[in-house]
file my_file32.pdb (PDB, C-alpha atoms)
ATOM      1  CA  MET Z1440       3.584  64.921  -4.053  1.00  0.00           C
ATOM      2  CA  ALA Z1441       2.235  61.976  -2.055  1.00  0.00           C
ATOM      3  CA  TYR Z1442       4.473  58.961  -1.518  1.00  0.00           C
ATOM      4  CA  VAL Z1443       5.660  56.910  -4.473  1.00  0.00           C
ATOM      5  CA  ASP Z1444       5.323  53.148  -4.002  1.00  0.00           C
ATOM      6  CA  ILE Z1445       7.614  50.442  -5.365  1.00  0.00           C
ATOM      7  CA  ARG Z1446       5.604  49.913  -8.574  1.00  0.00           C
ATOM      8  CA  SER Z1447       5.830  53.598  -9.414  1.00  0.00           C
ATOM      9  CA  ILE Z1448       9.554  53.659  -8.565  1.00  0.00           C
ATOM     10  CA  MET Z1449      10.044  50.819 -11.060  1.00  0.00           C
ATOM     11  CA  ALA Z1450       8.256  52.948 -13.674  1.00  0.00           C
ATOM     12  CA  ILE Z1451      10.795  55.750 -13.066  1.00  0.00           C
ATOM     13  CA  LEU Z1452      14.043  53.769 -12.670  1.00  0.00           C
ATOM     14  CA  PRO Z1453      15.273  50.787 -14.711  1.00  0.00           C
ATOM     15  CA  HIS Z1454      16.677  49.000 -11.631  1.00  0.00           C
ATOM     16  CA  ARG Z1455      15.191  45.683 -10.534  1.00  0.00           C
ATOM     17  CA  TYR Z1456      15.754  43.190  -7.718  1.00  0.00           C
ATOM     18  CA  PRO Z1457      18.325  42.720  -6.292  1.00  0.00           C
ATOM     19  CA  MET Z1458      19.707  46.133  -7.306  1.00  0.00           C
ATOM     20  CA  LEU Z1459      16.644  48.286  -6.666  1.00  0.00           C
ATOM     21  CA  LEU Z1460      17.618  49.903  -3.354  1.00  0.00           C
ATOM     22  CA  ILE Z1461      14.637  52.158  -2.636  1.00  0.00           C
ATOM     23  CA  ASP Z1462      11.449  50.802  -1.061  1.00  0.00           C
ATOM     24  CA  ARG Z1463       9.427  54.011  -1.037  1.00  0.00           C
ATOM     25  CA  ILE Z1464       9.741  57.676  -1.943  1.00  0.00           C
ATOM     26  CA  THR Z1465       8.047  59.798   0.705  1.00  0.00           C
ATOM     27  CA  GLU Z1466       8.611  63.213  -0.912  1.00  0.00           C
ATOM     28  CA  LEU Z1467       9.372  64.138  -4.502  1.00  0.00           C
ATOM     29  CA  GLU Z1468       9.597  67.506  -6.148  1.00  0.00           C
ATOM     30  CA  PRO Z1469      11.254  66.934  -9.540  1.00  0.00           C
ATOM     31  CA  LEU Z1470      14.417  68.942 -10.160  1.00  0.00           C
ATOM     32  CA  LYS Z1471      14.428  70.055  -6.493  1.00  0.00           C
ATOM     33  CA  PHE Z1472      14.546  67.161  -3.996  1.00  0.00           C
ATOM     34  CA  ALA Z1473      13.455  63.661  -3.066  1.00  0.00           C
ATOM     35  CA  ALA Z1474      13.224  61.752   0.209  1.00  0.00           C
ATOM     36  CA  GLY Z1475      12.638  58.052   0.698  1.00  0.00           C
ATOM     37  CA  TYR Z1476      13.856  54.925   2.439  1.00  0.00           C
ATOM     38  CA  LYS Z1477      15.165  51.386   2.153  1.00  0.00           C
ATOM     39  CA  ASN Z1478      14.320  48.812   4.827  1.00  0.00           C
ATOM     40  CA  ILE Z1479      17.448  46.788   5.516  1.00  0.00           C
ATOM     41  CA  THR Z1480      16.617  43.132   6.136  1.00  0.00           C
ATOM     42  CA  PHE Z1481      18.858  40.221   7.085  1.00  0.00           C
ATOM     43  CA  ASP Z1482      18.017  38.368   3.862  1.00  0.00           C
ATOM     44  CA  GLU Z1483      19.649  40.996   1.603  1.00  0.00           C
ATOM     45  CA  LEU Z1484      21.954  39.091  -0.771  1.00  0.00           C
ATOM     46  CA  PHE Z1485      25.045  41.128   0.110  1.00  0.00           C
ATOM     47  CA  PHE Z1486      24.932  40.106   3.786  1.00  0.00           C
ATOM     48  CA  ALA Z1487      25.905  36.523   2.853  1.00  0.00           C
ATOM     49  CA  GLY Z1488      29.463  37.687   2.250  1.00  0.00           C
ATOM     50  CA  HIS Z1489      29.671  41.137   3.869  1.00  0.00           C
ATOM     51  CA  PHE Z1490      30.337  39.919   6.528  1.00  0.00           C
ATOM     52  CA  PRO Z1491      29.031  36.472   7.549  1.00  0.00           C
ATOM     53  CA  ASN Z1492      29.410  36.986  11.322  1.00  0.00           C
ATOM     54  CA  ASN Z1493      29.021  40.783  11.300  1.00  0.00           C
ATOM     55  CA  PRO Z1494      26.509  41.854   8.610  1.00  0.00           C
ATOM     56  CA  VAL Z1495      27.212  45.393   7.381  1.00  0.00           C
ATOM     57  CA  MET Z1496      25.705  47.047   4.284  1.00  0.00           C
ATOM     58  CA  PRO Z1497      28.537  47.795   1.829  1.00  0.00           C
ATOM     59  CA  GLY Z1498      29.292  51.502   1.509  1.00  0.00           C
ATOM     60  CA  VAL Z1499      29.082  51.320  -2.258  1.00  0.00           C
ATOM     61  CA  LEU Z1500      25.461  50.144  -1.938  1.00  0.00           C
ATOM     62  CA  ILE Z1501      24.640  53.022   0.410  1.00  0.00           C
ATOM     63  CA  ILE Z1502      25.971  55.358  -2.282  1.00  0.00           C
ATOM     64  CA  GLU Z1503      23.934  53.459  -4.891  1.00  0.00           C
ATOM     65  CA  ALA Z1504      20.751  53.861  -2.808  1.00  0.00           C
ATOM     66  CA  MET Z1505      21.415  57.609  -2.545  1.00  0.00           C
ATOM     67  CA  ALA Z1506      22.097  57.727  -6.295  1.00  0.00           C
ATOM     68  CA  GLN Z1507      18.869  55.903  -7.145  1.00  0.00           C
ATOM     69  CA  LEU Z1508      16.850  58.331  -5.059  1.00  0.00           C
ATOM     70  CA  GLY Z1509      18.786  61.204  -6.613  1.00  0.00           C
ATOM     71  CA  GLY Z1510      18.003  59.840 -10.050  1.00  0.00           C
ATOM     72  CA  THR Z1511      14.297  60.195  -9.368  1.00  0.00           C
ATOM     73  CA  ALA Z1512      14.818  63.802  -8.268  1.00  0.00           C
ATOM     74  CA  ILE Z1513      16.958  64.858 -11.215  1.00  0.00           C
ATOM     75  CA  LEU Z1514      14.704  63.575 -14.001  1.00  0.00           C
ATOM     76  CA  GLU Z1515      12.383  65.962 -15.795  1.00  0.00           C
ATOM     77  CA  PRO Z1516       8.722  65.160 -15.093  1.00  0.00           C
ATOM     78  CA  GLY Z1517       7.380  62.891 -17.829  1.00  0.00           C
ATOM     79  CA  SER Z1518      10.834  62.052 -19.235  1.00  0.00           C
ATOM     80  CA  GLN Z1519      10.656  58.400 -18.225  1.00  0.00           C
ATOM     81  CA  PRO Z1520      10.790  55.694 -19.516  1.00  0.00           C
ATOM     82  CA  THR Z1521      13.159  56.816 -22.275  1.00  0.00           C
ATOM     83  CA  THR Z1522      15.786  58.521 -20.108  1.00  0.00           C
ATOM     84  CA  VAL Z1523      18.130  56.969 -17.601  1.00  0.00           C
ATOM     85  CA  PRO Z1524      20.131  58.870 -14.964  1.00  0.00           C
ATOM     86  CA  TYR Z1525      23.640  57.408 -14.849  1.00  0.00           C
ATOM     87  CA  LEU Z1526      25.872  58.105 -11.864  1.00  0.00           C
ATOM     88  CA  ALA Z1527      28.831  60.038 -13.284  1.00  0.00           C
ATOM     89  CA  GLY Z1528      30.753  61.114 -10.192  1.00  0.00           C
ATOM     90  CA  VAL Z1529      30.991  60.854  -6.440  1.00  0.00           C
ATOM     91  CA  ASP Z1530      32.623  63.630  -4.396  1.00  0.00           C
ATOM     92  CA  LYS Z1531      33.105  64.518  -0.736  1.00  0.00           C
ATOM     93  CA  VAL Z1532      31.527  61.252   0.468  1.00  0.00           C
ATOM     94  CA  LYS Z1533      32.020  60.364   4.109  1.00  0.00           C
ATOM     95  CA  PHE Z1534      30.725  57.392   6.076  1.00  0.00           C
ATOM     96  CA  ARG Z1535      29.829  57.935   9.727  1.00  0.00           C
ATOM     97  CA  ARG Z1536      28.435  54.629  11.007  1.00  0.00           C
ATOM     98  CA  PRO Z1537      27.573  51.128   9.746  1.00  0.00           C
ATOM     99  CA  VAL Z1538      24.159  50.061   8.456  1.00  0.00           C
ATOM    100  CA  THR Z1539      23.001  46.659   9.705  1.00  0.00           C
ATOM    101  CA  PRO Z1540      19.941  44.397   9.398  1.00  0.00           C
ATOM    102  CA  GLY Z1541      16.854  45.901  11.005  1.00  0.00           C
ATOM    103  CA  ASP Z1542      17.829  49.470  10.128  1.00  0.00           C
ATOM    104  CA  ARG Z1543      15.691  51.761   8.011  1.00  0.00           C
ATOM    105  CA  LEU Z1544      17.980  53.737   5.717  1.00  0.00           C
ATOM    106  CA  ASP Z1545      16.361  57.157   5.312  1.00  0.00           C
ATOM    107  CA  LEU Z1546      17.565  58.940   2.195  1.00  0.00           C
ATOM    108  CA  ARG Z1547      17.417  62.532   0.993  1.00  0.00           C
ATOM    109  CA  ALA Z1548      18.692  64.119  -2.212  1.00  0.00           C
ATOM    110  CA  ASN Z1549      18.707  67.857  -2.958  1.00  0.00           C
ATOM    111  CA  VAL Z1550      19.353  68.952  -6.535  1.00  0.00           C
ATOM    112  CA  LEU Z1551      22.172  71.506  -6.589  1.00  0.00           C
ATOM    113  CA  TRP Z1552      21.877  72.153 -10.320  1.00  0.00           C
ATOM    114  CA  ALA Z1553      20.664  70.504 -13.501  1.00  0.00           C
ATOM    115  CA  ARG Z1554      21.368  71.640 -17.056  1.00  0.00           C
ATOM    116  CA  MET Z1555      20.668  69.883 -20.314  1.00  0.00           C
ATOM    117  CA  ASN Z1556      21.701  66.263 -19.681  1.00  0.00           C
ATOM    118  CA  ILE Z1557      23.868  66.657 -16.561  1.00  0.00           C
ATOM    119  CA  GLY Z1558      23.267  67.505 -12.934  1.00  0.00           C
ATOM    120  CA  ARG Z1559      24.649  67.441  -9.428  1.00  0.00           C
ATOM    121  CA  LEU Z1560      23.021  66.837  -6.080  1.00  0.00           C
ATOM    122  CA  GLN Z1561      23.757  66.662  -2.379  1.00  0.00           C
ATOM    123  CA  ALA Z1562      22.672  63.344  -0.879  1.00  0.00           C
ATOM    124  CA  GLU Z1563      22.593  61.867   2.581  1.00  0.00           C
ATOM    125  CA  ALA Z1564      21.583  58.670   4.322  1.00  0.00           C
ATOM    126  CA  ARG Z1565      20.489  58.419   7.957  1.00  0.00           C
ATOM    127  CA  VAL Z1566      19.475  55.682  10.402  1.00  0.00           C
ATOM    128  CA  ASP Z1567      17.467  56.709  13.481  1.00  0.00           C
ATOM    129  CA  ASP Z1568      18.199  60.334  12.552  1.00  0.00           C
ATOM    130  CA  GLN Z1569      21.964  59.695  12.791  1.00  0.00           C
ATOM    131  CA  LEU Z1570      24.010  60.573   9.718  1.00  0.00           C
ATOM    132  CA  VAL Z1571      25.367  57.447   8.025  1.00  0.00           C
ATOM    133  CA  CYS Z1572      26.732  58.865   4.788  1.00  0.00           C
ATOM    134  CA  ALA Z1573      26.705  62.166   2.895  1.00  0.00           C
ATOM    135  CA  GLY Z1574      28.245  63.482  -0.291  1.00  0.00           C
ATOM    136  CA  GLU Z1575      27.762  65.034  -3.702  1.00  0.00           C
ATOM    137  CA  LEU Z1576      26.726  62.951  -6.706  1.00  0.00           C
ATOM    138  CA  SER Z1577      26.947  63.904 -10.383  1.00  0.00           C
ATOM    139  CA  PHE Z1578      24.644  62.527 -13.056  1.00  0.00           C
ATOM    140  CA  SER Z1579      24.533  62.188 -16.793  1.00  0.00           C
ATOM    141  CA  ILE Z1580      21.036  61.756 -18.155  1.00  0.00           C
ATOM    142  CA  VAL Z1581      21.037  59.527 -21.201  1.00  0.00           C
ATOM    143  CA  SER Z1582      18.244  59.001 -23.670  1.00  0.00           C
ATOM    144  CA  ASP Z1583      17.949  55.229 -23.827  1.00  0.00           C
ATOM    145  CA  THR Z1584      15.339  54.274 -26.381  1.00  0.00           C
ATOM    146  CA  ARG Z1585      16.524  50.658 -26.102  1.00  0.00           C
ATOM    147  CA  LEU Z1586      14.774  50.483 -22.722  1.00  0.00           C
ATOM    148  CA  PHE Z1587      11.601  51.866 -24.234  1.00  0.00           C
ATOM    149  CA  ARG Z1588      11.739  49.375 -27.114  1.00  0.00           C
ATOM    150  CA  LEU Z1589      12.323  46.497 -24.684  1.00  0.00           C
ATOM    151  CA  ASP Z1590       9.340  47.464 -22.540  1.00  0.00           C
ATOM    152  CA  ALA Z1591       7.176  47.944 -25.644  1.00  0.00           C
ATOM    153  CA  SER Z1592       8.188  44.548 -27.046  1.00  0.00           C
ATOM    154  CA  ILE Z1593       7.173  42.887 -23.779  1.00  0.00           C
ATOM    155  CA  LEU Z1594       3.792  44.578 -23.905  1.00  0.00           C
ATOM    156  CA  HIS Z1595       3.161  43.409 -27.477  1.00  0.00           C
ATOM    157  CA  SER Z1596       4.179  39.776 -26.987  1.00  0.00           C
TER     158      SER Z1596
END
call {"tool": "encode", "arguments": {"input": "my_file32.pdb", "output": "structure tokens"}}
result
Amino acid sequence: MAYVDIRSIMAILPHRYPMLLIDRITELEPLKFAAGYKNITFDELFFAGHFPNNPVMPGVLIIEAMAQLGGTAILEPGSQPTTVPYLAGVDKVKFRRPVTPGDRLDLRANVLWARMNIGRLQAEARVDDQLVCAGELSFSIVSDTRLFRLDASILHS
């Protein structure tokens, strides 16, 4: 599949600014893998307090970026907008180096398995081809018709 731009990502995931942590998906094969990136800029909200004189992207947000990309990979084609992939577990995660303003956080998620409404994937984040973070993420896929109703009510108002 060709790249997925930010508008299409927002059609797949419910996340919005400032919590949408993927700028573009460069490869996507549903239920197999996804690759994409997040451009890290100095004006990210979290840099104001993490840390003022030494800006470093919080590790939990690196995991969240990997999880968001993984969520796009683990969804069945056509299942959006009424399903939401919730992060259910984080295992074997290791951090190798900090992520700072000016970096491009390259992300990759490989689906290990998916059954019914749960799944597991291997995810990694890199900067300049150096491993930043890697681990296994588990998902629970929840049917959330409230999101669908909310979007529909906006369209009809």
call {"tool": "atom_distance", "arguments": {"input": "my_file32.pdb", "atom1": "atom CA of Z:Leu1500", "atom2": "atom CA of Z:Ala1487"}}
result
14.4 Å
call {"tool": "closest_residue", "arguments": {"input": "my_file32.pdb", "among": "Z:Gly1475, Z:Pro1469, Z:Pro1453, Z:Gly1558", "to": "Z:Leu1508", "atoms": "all atoms listed in the file"}}
result
Z:Gly1475
call {"tool": "atom_distance", "arguments": {"input": "my_file32.pdb", "atom1": "atom CA of Z:Ile1502", "atom2": "atom CA of Z:Val1550"}}
result
15.7 Å
call {"tool": "closest_residue", "arguments": {"input": "my_file32.pdb", "among": "Z:Phe1490, Z:Phe1472, Z:Phe1534, Z:Phe1481", "to": "Z:Asn1549", "atoms": "only C-alpha atoms"}}
result
Z:Phe1472
call {"tool": "resolve_selection", "arguments": {"input": "my_file32.pdb", "expression": "the PyMOL selection byres ((chain Z and resi 1565) around 9)", "output": "number ranges by chain"}}
result
Z: 1543-1547, 1563-1564, 1566-1573
call {"tool": "write_last_selection", "arguments": {"input": "my_file32.pdb", "atoms": "C-alpha atoms", "output": "PDB file, keeping the file's coordinate frame"}}
result
ATOM      1  CA  ARG Z1543      15.691  51.761   8.011  1.00  0.00           C
ATOM      2  CA  LEU Z1544      17.980  53.737   5.717  1.00  0.00           C
ATOM      3  CA  ASP Z1545      16.361  57.157   5.312  1.00  0.00           C
ATOM      4  CA  LEU Z1546      17.565  58.940   2.195  1.00  0.00           C
ATOM      5  CA  ARG Z1547      17.417  62.532   0.993  1.00  0.00           C
ATOM      6  CA  GLU Z1563      22.593  61.867   2.581  1.00  0.00           C
ATOM      7  CA  ALA Z1564      21.583  58.670   4.322  1.00  0.00           C
ATOM      8  CA  VAL Z1566      19.475  55.682  10.402  1.00  0.00           C
ATOM      9  CA  ASP Z1567      17.467  56.709  13.481  1.00  0.00           C
ATOM     10  CA  ASP Z1568      18.199  60.334  12.552  1.00  0.00           C
ATOM     11  CA  GLN Z1569      21.964  59.695  12.791  1.00  0.00           C
ATOM     12  CA  LEU Z1570      24.010  60.573   9.718  1.00  0.00           C
ATOM     13  CA  VAL Z1571      25.367  57.447   8.025  1.00  0.00           C
ATOM     14  CA  CYS Z1572      26.732  58.865   4.788  1.00  0.00           C
ATOM     15  CA  ALA Z1573      26.705  62.166   2.895  1.00  0.00           C
TER      16      ALA Z1573
END
call {"tool": "resolve_selection", "arguments": {"input": "my_file32.pdb", "expression": "the PyMOL selection byres ((chain Z and resi 1576) around 10)", "output": "VMD selection string"}}
result
chain Z and resid 1502 1505 to 1506 1509 to 1510 1526 to 1532 1548 1550 to 1551 1558 to 1562 1573 to 1575 1577 to 1578
call {"tool": "residues_around", "arguments": {"input": "my_file32.pdb", "residues": "Z:Val1443", "least_positions_apart": "6", "cutoff": "7 Å", "atoms": "only C-alpha atoms", "output": "PDB file with C-alpha atoms, in the frame of the given file"}}
result
ATOM      1  CA  ARG Z1463       9.427  54.011  -1.037  1.00  0.00           C
ATOM      2  CA  ILE Z1464       9.741  57.676  -1.943  1.00  0.00           C
ATOM      3  CA  THR Z1465       8.047  59.798   0.705  1.00  0.00           C
TER       4      THR Z1465
END
call {"tool": "closest_residue", "arguments": {"input": "my_file32.pdb", "among": "Z:His1489, Z:Gln1507, Z:Arg1446, Z:Gly1498", "to": "Z:Ile1461", "atoms": "all atoms listed in the file"}}
result
Z:Gln1507
call {"tool": "residues_around", "arguments": {"input": "my_file32.pdb", "residues": "Z:Thr1480", "least_positions_apart": "3", "cutoff": "12 Å", "atoms": "all atoms listed in the file", "output": "MDAnalysis selection string"}}
result
chainID Z and resid 1460 1462 1477 1483:1487 1494:1496 1538:1544
call {"tool": "closest_residue", "arguments": {"input": "my_file32.pdb", "among": "Z:Asn1478, Z:Pro1457, Z:Ser1447, Z:Arg1554", "to": "Z:Leu1514", "atoms": "all atoms listed in the file"}}
result
Z:Arg1554
call {"tool": "atom_distance", "arguments": {"input": "my_file32.pdb", "atom1": "atom CA of Z:Thr1521", "atom2": "atom CA of Z:Val1581"}}
result
8.4 Å
call {"tool": "axis_aligned_box", "arguments": {"input": "my_file32.pdb", "around": "stretch 1525-1528 of chain Z", "padding_each_side": "3 Å", "output": "AutoDock Vina command-line options"}}
result
--center_x 27.2 --center_y 59.3 --center_z -12.5 --size_x 13.1 --size_y 9.7 --size_z 10.7
